[in-house]
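Some notes on the structure that comes next.
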Amino acid sequence: MNQSLKKQVDGILADIFCADQAYALLREIGLHAQEINQRHFGHFFAPIQDRLGKDYLLSVAKLYDPPHRKYSTRSIRTLVSALTASAKNVNITKSPALRHRFVRAGINSDNFYDLADSAITERLVEWCQSRLADGDTIESVNIWRASEALRFRRDKVIAHNELLSSEPAPDLTWAQVNSLLELARTMLDLVSSGYLNYFLTADDGSFFLTSEVEQSAVCLRRLLRSLK
């Protein structure tokens, strides 16, 4: 079961990487927008920005796809469903770093080292489900609305050129998408560190892959600076 979780983690991590990379490139282009337009390169970068924006939204949307009955998907919801179904069959690596991640996320860490592996998994699953469901807290409601708005944008605008009704599409902001991405990072780090003994974030919460993600943006920065 832990090996099955690794396949889930690897697939989700790939989508997080794509989303972060697209966002980093978009941010870099935006920082040089004035120079780009002054040098009349706007028509070149406009379609690139459009494609990066779609890649960003598609990558984050995939993170929250529900489990599919016919074929296996890799997403946060599928990962949580797998943990729920196998809570008694998975082994967890207890460590001060994992307990720190529980505390940082707001998960109950009382008697952490005395609990059975299944009990710790149940606490983690309960916390994840409370944020993924259309619950009673403001945080869970905001997450649910953001994921539904993102799925609407992906299914009816990006993936399919659907003729929409007169009803307005649900609002979706970059900040909402960023919050979904951040939640996915947190959940993935908890699962990866607990069941695979592989840590994706430092104790301060910074994402270890950020420097690798930023490499393409750094290259673009050098290119744009050379145009000056």
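Here, A, B, ... name the chains of the structure tokens in the order displayed, residue numbers run from 1 inside each chain, and ligands are numbered from 1 in the same displayed order.
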Tell me which protein, DNA and RNA residues are within 9 Å of Gly42 (chain A), counting only C-alpha atoms, leaving out same-chain ones fewer than 5 positions away, and put them as a PDB file with C-alpha atoms, in the first residue's frame.
```
ATOM      1  CA  ALA A  33       5.887  43.723 -19.296  1.00  0.00           C
ATOM      2  CA  ILE A  36       8.534  43.843 -23.594  1.00  0.00           C
ATOM      3  CA  ASN A  37       5.899  46.219 -24.904  1.00  0.00           C
TER       4      ASN A  37
END
```
Quick one: residues within 10 Å of Ser109 (chain A), only C-alpha atoms counted, chain neighbours fewer than 4 positions away excluded, as JSON, numbers by chain?
{"A": [98, 99, 100, 101, 102, 103, 113, 115, 120, 123, 124]}
If you count only C-alpha atoms, which residues fall within 12 Å of region 93-97 of chain A, apart from same-chain ones fewer than 2 positions away, as an mmCIF file with N, CA and C atoms, in the first residue's frame?
```cif
data_model
loop_
_atom_site.group_PDB
_atom_site.id
_atom_site.type_symbol
_atom_site.label_atom_id
_atom_site.label_comp_id
_atom_site.auth_asym_id
_atom_site.auth_seq_id
_atom_site.Cartn_x
_atom_site.Cartn_y
_atom_site.Cartn_z
ATOM 1 N N ASN A 2 1.965 1.229 0.762
ATOM 2 C CA ASN A 2 2.848 2.395 0.762
ATOM 3 C C ASN A 2 3.437 2.639 -0.628
ATOM 4 N N VAL A 90 -1.598 0.613 6.348
ATOM 5 C CA VAL A 90 -0.435 1.402 5.955
ATOM 6 C C VAL A 90 0.429 1.683 7.173
ATOM 7 N N ASN A 91 1.716 1.708 6.941
ATOM 8 C CA ASN A 91 2.673 1.999 8.005
ATOM 9 C C ASN A 91 3.120 3.450 7.916
ATOM 10 N N ARG A 99 5.581 15.200 13.218
ATOM 11 C CA ARG A 99 4.747 15.814 14.251
ATOM 12 C C ARG A 99 4.714 17.336 14.066
ATOM 13 N N HIS A 100 5.852 17.924 13.723
ATOM 14 C CA HIS A 100 5.902 19.367 13.476
ATOM 15 C C HIS A 100 4.970 19.740 12.329
ATOM 16 N N ARG A 101 4.896 18.910 11.309
ATOM 17 C CA ARG A 101 4.012 19.178 10.180
ATOM 18 C C ARG A 101 2.548 19.053 10.566
ATOM 19 N N PHE A 102 2.242 18.146 11.469
ATOM 20 C CA PHE A 102 0.891 18.044 11.998
ATOM 21 C C PHE A 102 0.517 19.336 12.727
ATOM 22 N N VAL A 103 1.417 19.793 13.586
ATOM 23 C CA VAL A 103 1.158 21.021 14.345
ATOM 24 C C VAL A 103 1.021 22.204 13.399
ATOM 25 N N ARG A 104 1.897 22.293 12.408
ATOM 26 C CA ARG A 104 1.880 23.410 11.458
ATOM 27 C C ARG A 104 0.583 23.450 10.658
ATOM 28 N N SER A 109 -2.119 16.682 17.426
ATOM 29 C CA SER A 109 -0.891 15.907 17.600
ATOM 30 C C SER A 109 -0.734 15.366 19.012
ATOM 31 N N ASN A 111 -0.520 12.956 22.057
ATOM 32 C CA ASN A 111 -0.106 11.545 22.183
ATOM 33 C C ASN A 111 0.409 10.980 20.859
ATOM 34 N N PHE A 112 1.073 11.819 20.092
ATOM 35 C CA PHE A 112 1.473 11.454 18.729
ATOM 36 C C PHE A 112 2.279 10.157 18.698
ATOM 37 N N TYR A 113 3.267 10.032 19.579
ATOM 38 C CA TYR A 113 4.162 8.881 19.524
ATOM 39 C C TYR A 113 3.555 7.628 20.148
ATOM 40 N N ASP A 114 2.467 7.781 20.892
ATOM 41 C CA ASP A 114 1.829 6.629 21.526
ATOM 42 C C ASP A 114 0.704 6.036 20.681
ATOM 43 N N LEU A 115 0.274 6.764 19.658
ATOM 44 C CA LEU A 115 -0.854 6.311 18.853
ATOM 45 C C LEU A 115 -0.442 5.217 17.872
ATOM 46 N N ALA A 116 -1.376 4.342 17.553
ATOM 47 C CA ALA A 116 -1.151 3.355 16.509
ATOM 48 C C ALA A 116 -1.100 4.053 15.154
ATOM 49 N N ASP A 117 -0.462 3.419 14.189
ATOM 50 C CA ASP A 117 -0.350 4.008 12.853
ATOM 51 C C ASP A 117 -1.725 4.331 12.277
ATOM 52 N N SER A 118 -2.680 3.419 12.498
ATOM 53 C CA SER A 118 -4.030 3.624 11.955
ATOM 54 C C SER A 118 -4.697 4.844 12.569
ATOM 55 N N ILE A 120 -3.171 7.605 13.697
ATOM 56 C CA ILE A 120 -2.569 8.797 13.109
ATOM 57 C C ILE A 120 -3.122 9.021 11.706
ATOM 58 N N THR A 121 -3.262 7.935 10.943
ATOM 59 C CA THR A 121 -3.829 8.043 9.591
ATOM 60 C C THR A 121 -5.248 8.577 9.649
ATOM 61 N N ASP A 189 2.823 16.874 1.231
ATOM 62 C CA ASP A 189 3.988 16.810 2.110
ATOM 63 C C ASP A 189 3.698 15.952 3.333
ATOM 64 N N LEU A 190 2.493 16.050 3.876
ATOM 65 C CA LEU A 190 2.110 15.242 5.031
ATOM 66 C C LEU A 190 2.133 13.756 4.690
ATOM 67 N N VAL A 191 1.553 13.407 3.552
ATOM 68 C CA VAL A 191 1.512 12.004 3.144
ATOM 69 C C VAL A 191 2.909 11.500 2.805
ATOM 70 N N SER A 192 3.657 12.297 2.048
ATOM 71 C CA SER A 192 4.991 11.877 1.617
ATOM 72 C C SER A 192 5.926 11.684 2.804
ATOM 73 N N SER A 193 5.895 12.605 3.757
ATOM 74 C CA SER A 193 6.787 12.504 4.905
ATOM 75 C C SER A 193 6.365 11.404 5.860
ATOM 76 N N GLY A 194 5.063 11.162 5.973
ATOM 77 C CA GLY A 194 4.575 10.168 6.916
ATOM 78 C C GLY A 194 4.680 8.737 6.433
ATOM 79 N N TYR A 195 4.441 8.513 5.148
ATOM 80 C CA TYR A 195 4.359 7.141 4.641
ATOM 81 C C TYR A 195 5.533 6.756 3.743
ATOM 82 N N LEU A 196 6.237 7.754 3.219
ATOM 83 C CA LEU A 196 7.366 7.471 2.332
ATOM 84 C C LEU A 196 8.690 7.958 2.906
ATOM 85 N N ASN A 197 8.609 8.675 4.052
ATOM 86 C CA ASN A 197 9.802 9.248 4.684
ATOM 87 C C ASN A 197 10.558 10.153 3.712
ATOM 88 N N TYR A 198 9.784 10.886 2.905
ATOM 89 C CA TYR A 198 10.338 11.787 1.896
ATOM 90 C C TYR A 198 9.721 13.158 2.118
ATOM 91 N N PHE A 199 10.534 14.136 2.513
ATOM 92 C CA PHE A 199 10.026 15.447 2.902
ATOM 93 C C PHE A 199 10.100 16.425 1.732
ATOM 94 N N LEU A 200 8.992 17.095 1.480
ATOM 95 C CA LEU A 200 8.891 18.038 0.366
ATOM 96 C C LEU A 200 9.055 19.485 0.807
ATOM 97 N N THR A 201 8.966 19.735 2.105
ATOM 98 C CA THR A 201 9.105 21.098 2.616
ATOM 99 C C THR A 201 10.086 21.122 3.771
ATOM 100 N N ALA A 202 10.659 22.298 4.005
ATOM 101 C CA ALA A 202 11.516 22.506 5.164
ATOM 102 C C ALA A 202 10.642 22.775 6.386
ATOM 103 N N ASP A 203 11.254 22.862 7.557
ATOM 104 C CA ASP A 203 10.496 23.094 8.776
ATOM 105 C C ASP A 203 9.782 24.440 8.765
ATOM 106 N N ASP A 204 10.288 25.398 7.968
ATOM 107 C CA ASP A 204 9.624 26.699 7.884
ATOM 108 C C ASP A 204 8.512 26.720 6.835
ATOM 109 N N GLY A 205 8.277 25.577 6.187
ATOM 110 C CA GLY A 205 7.198 25.485 5.209
ATOM 111 C C GLY A 205 7.613 25.733 3.777
#
```
Name the closest residue to Arg77 (chain A) among the candidates A:Ala149, A:Asp10, A:Ala159, A:Met187; distances are taken between atoms, counting only C-alpha atoms.
A:Met187
Identify all residues of region 34-131 of chain A in helix (DSSP H, G or I) (DSSP on the backbone) and supply them as a PyMOL selection string.
chain A and resi 34-38+42-63+76-85+96-105+112-114+117-131
Go ahead and write the residues just picked, C-alpha atoms, as a PDB file, in the first residue's frame.
```
ATOM      1  CA  GLN A  34       6.843  47.372 -19.777  1.00  0.00           C
ATOM      2  CA  GLU A  35      10.151  46.559 -21.477  1.00  0.00           C
ATOM      3  CA  ILE A  36       8.534  43.843 -23.594  1.00  0.00           C
ATOM      4  CA  ASN A  37       5.899  46.219 -24.904  1.00  0.00           C
ATOM      5  CA  GLN A  38       8.372  49.045 -25.447  1.00  0.00           C
ATOM      6  CA  GLY A  42       4.085  41.943 -26.978  1.00  0.00           C
ATOM      7  CA  HIS A  43       2.613  39.962 -29.882  1.00  0.00           C
ATOM      8  CA  PHE A  44       5.188  37.237 -29.250  1.00  0.00           C
ATOM      9  CA  PHE A  45       4.661  36.950 -25.496  1.00  0.00           C
ATOM     10  CA  ALA A  46       0.846  37.286 -25.508  1.00  0.00           C
ATOM     11  CA  PRO A  47       0.137  33.723 -26.783  1.00  0.00           C
ATOM     12  CA  ILE A  48       2.860  32.384 -24.480  1.00  0.00           C
ATOM     13  CA  GLN A  49       1.147  33.994 -21.506  1.00  0.00           C
ATOM     14  CA  ASP A  50      -2.197  32.582 -22.632  1.00  0.00           C
ATOM     15  CA  ARG A  51      -0.767  29.058 -22.896  1.00  0.00           C
ATOM     16  CA  LEU A  52       1.022  29.307 -19.560  1.00  0.00           C
ATOM     17  CA  GLY A  53      -2.164  30.523 -17.896  1.00  0.00           C
ATOM     18  CA  LYS A  54      -4.107  27.551 -19.241  1.00  0.00           C
ATOM     19  CA  ASP A  55      -1.354  25.135 -18.200  1.00  0.00           C
ATOM     20  CA  TYR A  56      -1.426  26.602 -14.709  1.00  0.00           C
ATOM     21  CA  LEU A  57      -5.200  26.231 -14.367  1.00  0.00           C
ATOM     22  CA  LEU A  58      -5.222  22.744 -15.890  1.00  0.00           C
ATOM     23  CA  SER A  59      -2.449  21.519 -13.600  1.00  0.00           C
ATOM     24  CA  VAL A  60      -4.164  22.781 -10.453  1.00  0.00           C
ATOM     25  CA  ALA A  61      -7.566  21.490 -11.606  1.00  0.00           C
ATOM     26  CA  LYS A  62      -6.141  17.982 -12.046  1.00  0.00           C
ATOM     27  CA  LEU A  63      -4.978  18.059  -8.437  1.00  0.00           C
ATOM     28  CA  ILE A  76      -5.439  14.775  -3.880  1.00  0.00           C
ATOM     29  CA  ARG A  77      -8.975  13.408  -3.554  1.00  0.00           C
ATOM     30  CA  THR A  78      -7.890   9.996  -4.850  1.00  0.00           C
ATOM     31  CA  LEU A  79      -4.962  10.002  -2.449  1.00  0.00           C
ATOM     32  CA  VAL A  80      -7.210  10.785   0.529  1.00  0.00           C
ATOM     33  CA  SER A  81      -9.699   8.100  -0.583  1.00  0.00           C
ATOM     34  CA  ALA A  82      -6.877   5.549  -0.747  1.00  0.00           C
ATOM     35  CA  LEU A  83      -5.755   6.439   2.776  1.00  0.00           C
ATOM     36  CA  THR A  84      -9.331   6.241   4.036  1.00  0.00           C
ATOM     37  CA  ALA A  85      -9.835   2.770   2.596  1.00  0.00           C
ATOM     38  CA  PRO A  96       9.644  14.915  15.164  1.00  0.00           C
ATOM     39  CA  ALA A  97       9.532  16.410  11.657  1.00  0.00           C
ATOM     40  CA  LEU A  98       6.184  14.733  10.910  1.00  0.00           C
ATOM     41  CA  ARG A  99       4.747  15.814  14.251  1.00  0.00           C
ATOM     42  CA  HIS A 100       5.902  19.367  13.476  1.00  0.00           C
ATOM     43  CA  ARG A 101       4.012  19.178  10.180  1.00  0.00           C
ATOM     44  CA  PHE A 102       0.891  18.044  11.998  1.00  0.00           C
ATOM     45  CA  VAL A 103       1.158  21.021  14.345  1.00  0.00           C
ATOM     46  CA  ARG A 104       1.880  23.410  11.458  1.00  0.00           C
ATOM     47  CA  ALA A 105      -1.207  22.213   9.577  1.00  0.00           C
ATOM     48  CA  PHE A 112       1.473  11.454  18.729  1.00  0.00           C
ATOM     49  CA  TYR A 113       4.162   8.881  19.524  1.00  0.00           C
ATOM     50  CA  ASP A 114       1.829   6.629  21.526  1.00  0.00           C
ATOM     51  CA  ASP A 117      -0.350   4.008  12.853  1.00  0.00           C
ATOM     52  CA  SER A 118      -4.030   3.624  11.955  1.00  0.00           C
ATOM     53  CA  ALA A 119      -5.037   6.266  14.524  1.00  0.00           C
ATOM     54  CA  ILE A 120      -2.569   8.797  13.109  1.00  0.00           C
ATOM     55  CA  THR A 121      -3.829   8.043   9.591  1.00  0.00           C
ATOM     56  CA  GLU A 122      -7.400   8.592  10.739  1.00  0.00           C
ATOM     57  CA  ARG A 123      -6.475  12.004  12.156  1.00  0.00           C
ATOM     58  CA  LEU A 124      -4.770  12.968   8.909  1.00  0.00           C
ATOM     59  CA  VAL A 125      -7.682  11.733   6.785  1.00  0.00           C
ATOM     60  CA  GLU A 126     -10.203  13.562   8.961  1.00  0.00           C
ATOM     61  CA  TRP A 127      -8.259  16.818   8.578  1.00  0.00           C
ATOM     62  CA  CYS A 128      -7.983  16.407   4.805  1.00  0.00           C
ATOM     63  CA  GLN A 129     -11.655  15.568   4.394  1.00  0.00           C
ATOM     64  CA  SER A 130     -12.689  18.554   6.495  1.00  0.00           C
ATOM     65  CA  ARG A 131     -10.981  20.828   3.980  1.00  0.00           C
TER      66      ARG A 131
END
```
Using only C-alpha atoms, pick whichever of A:Ala22, A:Leu172, A:Val213, A:Leu223 has the shortest atom-to-atom distance to Leu150 (chain A).
A:Leu172
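For the residues A:Arg27, A:Asp134, A:Ile143, A:Arg74, ranking by smallest atom-to-atom distance to Leu180 (chain A) using only C-alpha atoms places A:Ile143 first.
Contact shell of Thr173 (chain A) at 12 Å (only C-alpha atoms; same-chain neighbours under 2 positions omitted): Leu57, Asn142, Arg145, Ala146, Ser147, Ala149, Leu150, Arg153, Pro170, Asp171, Ala175, Gln176, Val177, Asn178, Ser179 and Leu180 of chain A.
Straight-line separation from CA of Arg151 (chain A) to CA of Phe17 (chain A): 19.3 Å.
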Distance query Glu212 (chain A) at most 12 Å, only C-alpha atoms, self and fewer than 6 positions along chain excluded, as a VMD selection string
chain A and resid 17 to 18 20 to 21 24 218 to 219
Measuring atom to atom with only C-alpha atoms, identify which of A:Leu31, A:Ala19, A:Ala87, A:Val9 is nearest to Leu220 (chain A).
A:Leu31
